Amino acid sequence: MATAAENMTTPTQSTARQHKYHAKAYVLKADLKHPVQTVIEPQALVDLPEDGKYTYEAALPYKLDGIISYKSAYAQVAGHQSKDGAFSTLATSVVEGLNILDVITADRVVGQISTDHPLEGRVPSVTFLGTRFVNLHIGGHKVEVHQDLDIIGPAPADGKSYFEDPDALARMSRQYKKILRMEHLPAWAEEQFRWDKAAAETQGKAVCSLVNEVTGAPGISFGHVIKLPHFGKIFLGELCVERYPAKSETEHETYHFHLRMIRTEMGSIAAGTTTVVALDSNGTGSGGGTKGGGGH
C-alpha cells in the first residue's frame, strides 16, 4: 500500500514550470491590385509546434513577371530548453536577391528574433541579433540603414513588464519625437507617429522600429519610413510588441514580438501592399517562479 507521503505531490512538482513554444516566419506575401491583380500567399511559411524542436523551409527562386522576385529565401523556427533551464525560441527569415519593380533591391534581408523565458520569472528577454539589410538600394540609390537592435533592451528588473520599464518606453518615445521633428513631414505621418505613453501602458501595445533612420534614400525619409514619389511608402524594420494578461493565476502574462523588415504601400506605378521577411515569436508559460517568463 502506498503511503500518504508517496501519494502527496510536492510543492515543487505542483508548480513545475510548463512552456508552450510559439514562433512563425515567412519570406514574402503581397496583395497586388495593379498592374496585375493577385494575392501572394505567405512563402516559405513555418510554424513552430508547441513542443518546440526545429522547422525549416527553403523557397525556390520566385518571380512574378517584372513586379517582384527573389533569388533564394528560407525561414526557420526552433525551440529548446537551454542548459540553464531557460526556454529559448528562435525565428529567422531571410531573402536574397530581392527586387521589387526595380525600385527596391537588396542582396540580402535578414530578420531574426530570439527570446528566452527563464525558469524563475514571467517576462522574457528578447534579442534581434542577426537582423540586417545588405546592400539595400531604393530608386538606384544606395541606402544606409541605421539600426537600433537594442530599442527594447534587456528584460526589466524585478519582474516588471516592458510597459512598466521607463528605459524601454523612453527609447521608443525618442524615436517618435525624432520623426516628428523632421521637416516636410506629411500630415498622415504627424498623426501616425504621435507617442502616447499612457495608451501604450493601458493597451499593452507599442509599435516602433529596429531602424532609427536611413540616409541616401530618394524622396522624403523620416525615421524608418521613406515616401517615394511615383511609388508609395516604404517601411523598414517595423516592430510591434504586445502584452496579454494572464488568463489564470497559474498562467503568465503573454508577450508577442512581431517584426516586418520591409513593408510597402504602393499607389502609383503599381498598387497594393507587400511584406518581405516577417516573423512572430514567443511562447506561453505557466507555473514556476514569479519574477520573469511568459509570452505567446
# chains A, B, ... in the order shown; residues from 1 in each chain; ligands from 1
>>> residues_around(residues="Ile262 (chain A)", least_positions_apart="5", cutoff="12 Å", atoms="only C-alpha atoms", output="ChimeraX atom specification")
/A:27-30,93-95,98-100,104-106,108-111,132-133,136,138,209-211,224-226,233-239,273-279
>>> select_by_dssp(residues="region 11-236 of chain A", states="alpha helix (DSSP H)", output="number ranges by chain")
A: 11-14, 166-180, 187-192, 197-203
>>> closest_residue(among="A:Ala271, A:Val77, A:Lys20, A:Tyr70", to="Glu50 (chain A)", atoms="only C-alpha atoms")
A:Lys20
>>> atom_distance(atom1="CA of Asp65 (chain A)", atom2="CA of Val39 (chain A)")
13.7 Å
>>> select_by_dssp(residues="region 140-295 of chain A", states="strand (DSSP E)", output="ChimeraX atom specification")
/A:141-142,144-147,205-209,211-215,220-222,225-228,232-244,254-267,271-286
>>> atom_distance(atom1="CA of Gln18 (chain A)", atom2="CA of Ala155 (chain A)")
19.9 Å
>>> closest_residue(among="A:Gln175, A:Thr202, A:Ser268, A:Ser125", to="His256 (chain A)", atoms="only C-alpha atoms")
A:Ser125
>>> closest_residue(among="A:Ala59, A:Arg17, A:Leu32, A:Lys142", to="Lys71 (chain A)", atoms="only C-alpha atoms")
A:Ala59
>>> residues_around(residues="Leu60 (chain A)", least_positions_apart="2", cutoff="10 Å", atoms="only C-alpha atoms", output="ChimeraX atom specification")
/A:43-44,57-58,62-63,70-74
>>> atom_distance(atom1="CA of Phe231 (chain A)", atom2="CA of Asp107 (chain A)")
20.7 Å
>>> residues_around(residues="Ala23 (chain A)", least_positions_apart="2", cutoff="8 Å", atoms="only C-alpha atoms", output="list of chain:residue names")
A:Tyr21, A:Ala25, A:Asp47, A:Leu48, A:Val77, A:Ala78, A:Thr89, A:Leu90, A:Ala91, A:Leu279, A:Asp280, A:Ser281, A:Asn282, A:Gly283
>>> write_last_selection(atoms="C-alpha atoms", output="PDB file, in the first residue's frame")
ATOM      1  CA  TYR A  21       6.588  27.387 -27.716  1.00  0.00           C
ATOM      2  CA  ALA A  25       8.061  33.170 -40.061  1.00  0.00           C
ATOM      3  CA  ASP A  47       5.120  27.452 -37.709  1.00  0.00           C
ATOM      4  CA  LEU A  48       6.802  26.063 -34.596  1.00  0.00           C
ATOM      5  CA  VAL A  77      11.947  28.384 -36.259  1.00  0.00           C
ATOM      6  CA  ALA A  78      13.286  26.473 -33.281  1.00  0.00           C
ATOM      7  CA  THR A  89      12.871  30.347 -29.094  1.00  0.00           C
ATOM      8  CA  LEU A  90      14.404  31.378 -32.424  1.00  0.00           C
ATOM      9  CA  ALA A  91      12.690  32.689 -35.558  1.00  0.00           C
ATOM     10  CA  LEU A 279       8.303  36.808 -38.189  1.00  0.00           C
ATOM     11  CA  ASP A 280       6.476  36.483 -34.889  1.00  0.00           C
ATOM     12  CA  SER A 281       7.871  34.982 -31.739  1.00  0.00           C
ATOM     13  CA  ASN A 282       7.311  33.988 -28.182  1.00  0.00           C
ATOM     14  CA  GLY A 283       5.642  31.262 -26.165  1.00  0.00           C
TER      15      GLY A 283
END
>>> closest_residue(among="A:Gly79, A:Gly232, A:Gly97, A:Ile40", to="His137 (chain A)", atoms="only C-alpha atoms")
A:Gly97
>>> closest_residue(among="A:Tyr176, A:Phe128, A:Tyr56, A:Tyr255", to="Tyr162 (chain A)", atoms="only C-alpha atoms")
A:Tyr255
>>> closest_residue(among="A:Pro35, A:Gly219, A:Pro42, A:Pro61", to="Leu185 (chain A)", atoms="only C-alpha atoms")
A:Gly219
>>> decode(residues="region 81-212 of chain A", atoms="C-alpha atoms", output="short mmCIF file (atom, residue, chain, number, x, y, z; two decimals), in the first residue's frame")
data_model
loop_
_atom_site.label_atom_id
_atom_site.label_comp_id
_atom_site.auth_asym_id
_atom_site.auth_seq_id
_atom_site.Cartn_x
_atom_site.Cartn_y
_atom_site.Cartn_z
CA GLN A 81 15.39 24.28 -23.25
CA SER A 82 18.93 25.53 -22.67
CA LYS A 83 21.46 24.22 -20.14
CA ASP A 84 20.43 26.84 -17.55
CA GLY A 85 16.79 25.73 -17.89
CA ALA A 86 15.56 28.73 -19.88
CA PHE A 87 13.10 28.11 -22.70
CA SER A 88 14.71 29.55 -25.85
CA THR A 89 12.87 30.35 -29.09
CA LEU A 90 14.40 31.38 -32.42
CA ALA A 91 12.69 32.69 -35.56
CA THR A 92 14.62 33.66 -38.69
CA SER A 93 13.54 34.77 -42.16
CA VAL A 94 15.97 35.52 -45.00
CA VAL A 95 15.56 36.76 -48.57
CA GLU A 96 18.45 37.07 -51.05
CA GLY A 97 18.47 38.90 -54.38
CA LEU A 98 15.28 40.88 -53.70
CA ASN A 99 13.79 43.03 -56.47
CA ILE A 100 10.51 44.96 -56.26
CA LEU A 101 9.73 46.76 -59.55
CA ASP A 102 13.45 47.57 -59.96
CA VAL A 103 12.81 50.24 -57.31
CA ILE A 104 13.72 48.28 -54.16
CA THR A 105 16.64 45.88 -54.42
CA ALA A 106 18.78 44.18 -51.79
CA ASP A 107 21.43 41.49 -51.79
CA ARG A 108 20.13 40.11 -48.50
CA VAL A 109 17.46 40.94 -45.93
CA VAL A 110 17.53 39.10 -42.59
CA GLY A 111 15.05 39.24 -39.75
CA GLN A 112 15.70 37.37 -36.52
CA ILE A 113 14.02 37.21 -33.13
CA SER A 114 15.35 35.17 -30.22
CA THR A 115 13.61 35.02 -26.85
CA ASP A 116 14.48 33.39 -23.54
CA HIS A 117 11.96 32.57 -20.81
CA PRO A 118 13.79 31.90 -17.54
CA LEU A 119 12.69 29.18 -15.14
CA GLU A 120 12.13 31.81 -12.45
CA GLY A 121 10.19 34.74 -13.84
CA ARG A 122 7.43 35.79 -16.17
CA VAL A 123 8.95 38.33 -18.56
CA PRO A 124 11.06 37.03 -21.48
CA SER A 125 14.26 38.62 -22.70
CA VAL A 126 14.50 39.30 -26.45
CA THR A 127 17.26 39.95 -28.94
CA PHE A 128 17.29 40.74 -32.66
CA LEU A 129 20.89 39.73 -33.22
CA GLY A 130 21.47 38.88 -36.89
CA THR A 131 18.81 41.27 -38.22
CA ARG A 132 20.17 43.40 -41.09
CA PHE A 133 19.87 44.82 -44.59
CA VAL A 134 22.73 44.10 -47.01
CA ASN A 135 23.30 46.43 -49.97
CA LEU A 136 19.82 47.96 -49.94
CA HIS A 137 19.09 50.24 -52.91
CA ILE A 138 15.98 52.34 -53.46
CA GLY A 139 15.45 54.03 -56.81
CA GLY A 140 19.06 53.19 -57.71
CA HIS A 141 20.42 54.96 -54.62
CA LYS A 142 22.48 53.09 -52.03
CA VAL A 143 20.63 53.40 -48.73
CA GLU A 144 22.44 53.28 -45.41
CA VAL A 145 20.21 51.82 -42.71
CA HIS A 146 20.98 52.91 -39.14
CA GLN A 147 19.61 50.18 -36.91
CA ASP A 148 18.84 50.11 -33.21
CA LEU A 149 18.60 46.45 -32.29
CA ASP A 150 18.51 47.36 -28.58
CA ILE A 151 15.39 49.54 -28.68
CA ILE A 152 13.53 47.09 -26.42
CA GLY A 153 16.57 46.50 -24.21
CA PRO A 154 17.08 43.79 -21.58
CA ALA A 155 14.19 42.22 -19.69
CA PRO A 156 13.09 44.66 -16.96
CA ALA A 157 14.30 44.00 -13.43
CA ASP A 158 12.09 42.71 -10.59
CA GLY A 159 9.62 41.04 -12.94
CA LYS A 160 8.26 44.32 -14.29
CA SER A 161 6.59 44.49 -17.68
CA TYR A 162 8.27 46.12 -20.68
CA PHE A 163 5.37 48.57 -20.48
CA GLU A 164 6.48 49.50 -16.96
CA ASP A 165 10.13 49.90 -17.95
CA PRO A 166 10.94 53.64 -18.20
CA ASP A 167 14.09 52.97 -20.25
CA ALA A 168 12.30 50.94 -22.94
CA LEU A 169 9.46 53.46 -23.12
CA ALA A 170 11.92 56.36 -23.30
CA ARG A 171 13.77 54.79 -26.24
CA MET A 172 10.53 54.33 -28.16
CA SER A 173 9.39 57.85 -27.29
CA ARG A 174 12.66 59.35 -28.60
CA GLN A 175 12.16 57.52 -31.88
CA TYR A 176 8.71 59.06 -32.32
CA LYS A 177 9.88 62.54 -31.33
CA LYS A 178 12.74 62.39 -33.81
CA ILE A 179 10.30 61.61 -36.61
CA LEU A 180 8.02 64.48 -35.62
CA ARG A 181 10.96 66.91 -35.76
CA MET A 182 11.59 66.11 -39.43
CA GLU A 183 10.95 68.86 -41.97
CA HIS A 184 8.22 68.43 -44.60
CA LEU A 185 6.58 65.67 -42.60
CA PRO A 186 3.31 64.56 -44.28
CA ALA A 187 0.11 65.06 -42.31
CA TRP A 188 -0.56 61.32 -42.13
CA ALA A 189 2.84 60.79 -40.53
CA GLU A 190 2.26 63.55 -37.98
CA GLU A 191 -0.85 61.70 -36.89
CA GLN A 192 0.59 58.16 -37.01
CA PHE A 193 3.78 58.90 -35.09
CA ARG A 194 2.43 60.68 -32.04
CA TRP A 195 3.72 58.82 -28.98
CA ASP A 196 1.09 58.09 -26.35
CA LYS A 197 2.78 56.56 -23.31
CA ALA A 198 -0.47 56.15 -21.38
CA ALA A 199 -2.14 54.33 -24.27
CA ALA A 200 0.85 52.00 -24.69
CA GLU A 201 0.77 51.09 -21.00
CA THR A 202 -3.02 50.70 -20.88
CA GLN A 203 -3.42 48.78 -24.13
CA GLY A 204 -0.24 46.75 -23.74
CA LYS A 205 0.83 47.53 -27.29
CA ALA A 206 3.73 49.54 -28.67
CA VAL A 207 4.84 49.96 -32.29
CA CYS A 208 8.39 51.09 -33.04
CA SER A 209 11.21 50.13 -35.41
CA LEU A 210 14.60 48.49 -35.34
CA VAL A 211 15.61 51.27 -37.77
CA ASN A 212 16.22 54.73 -36.34
#
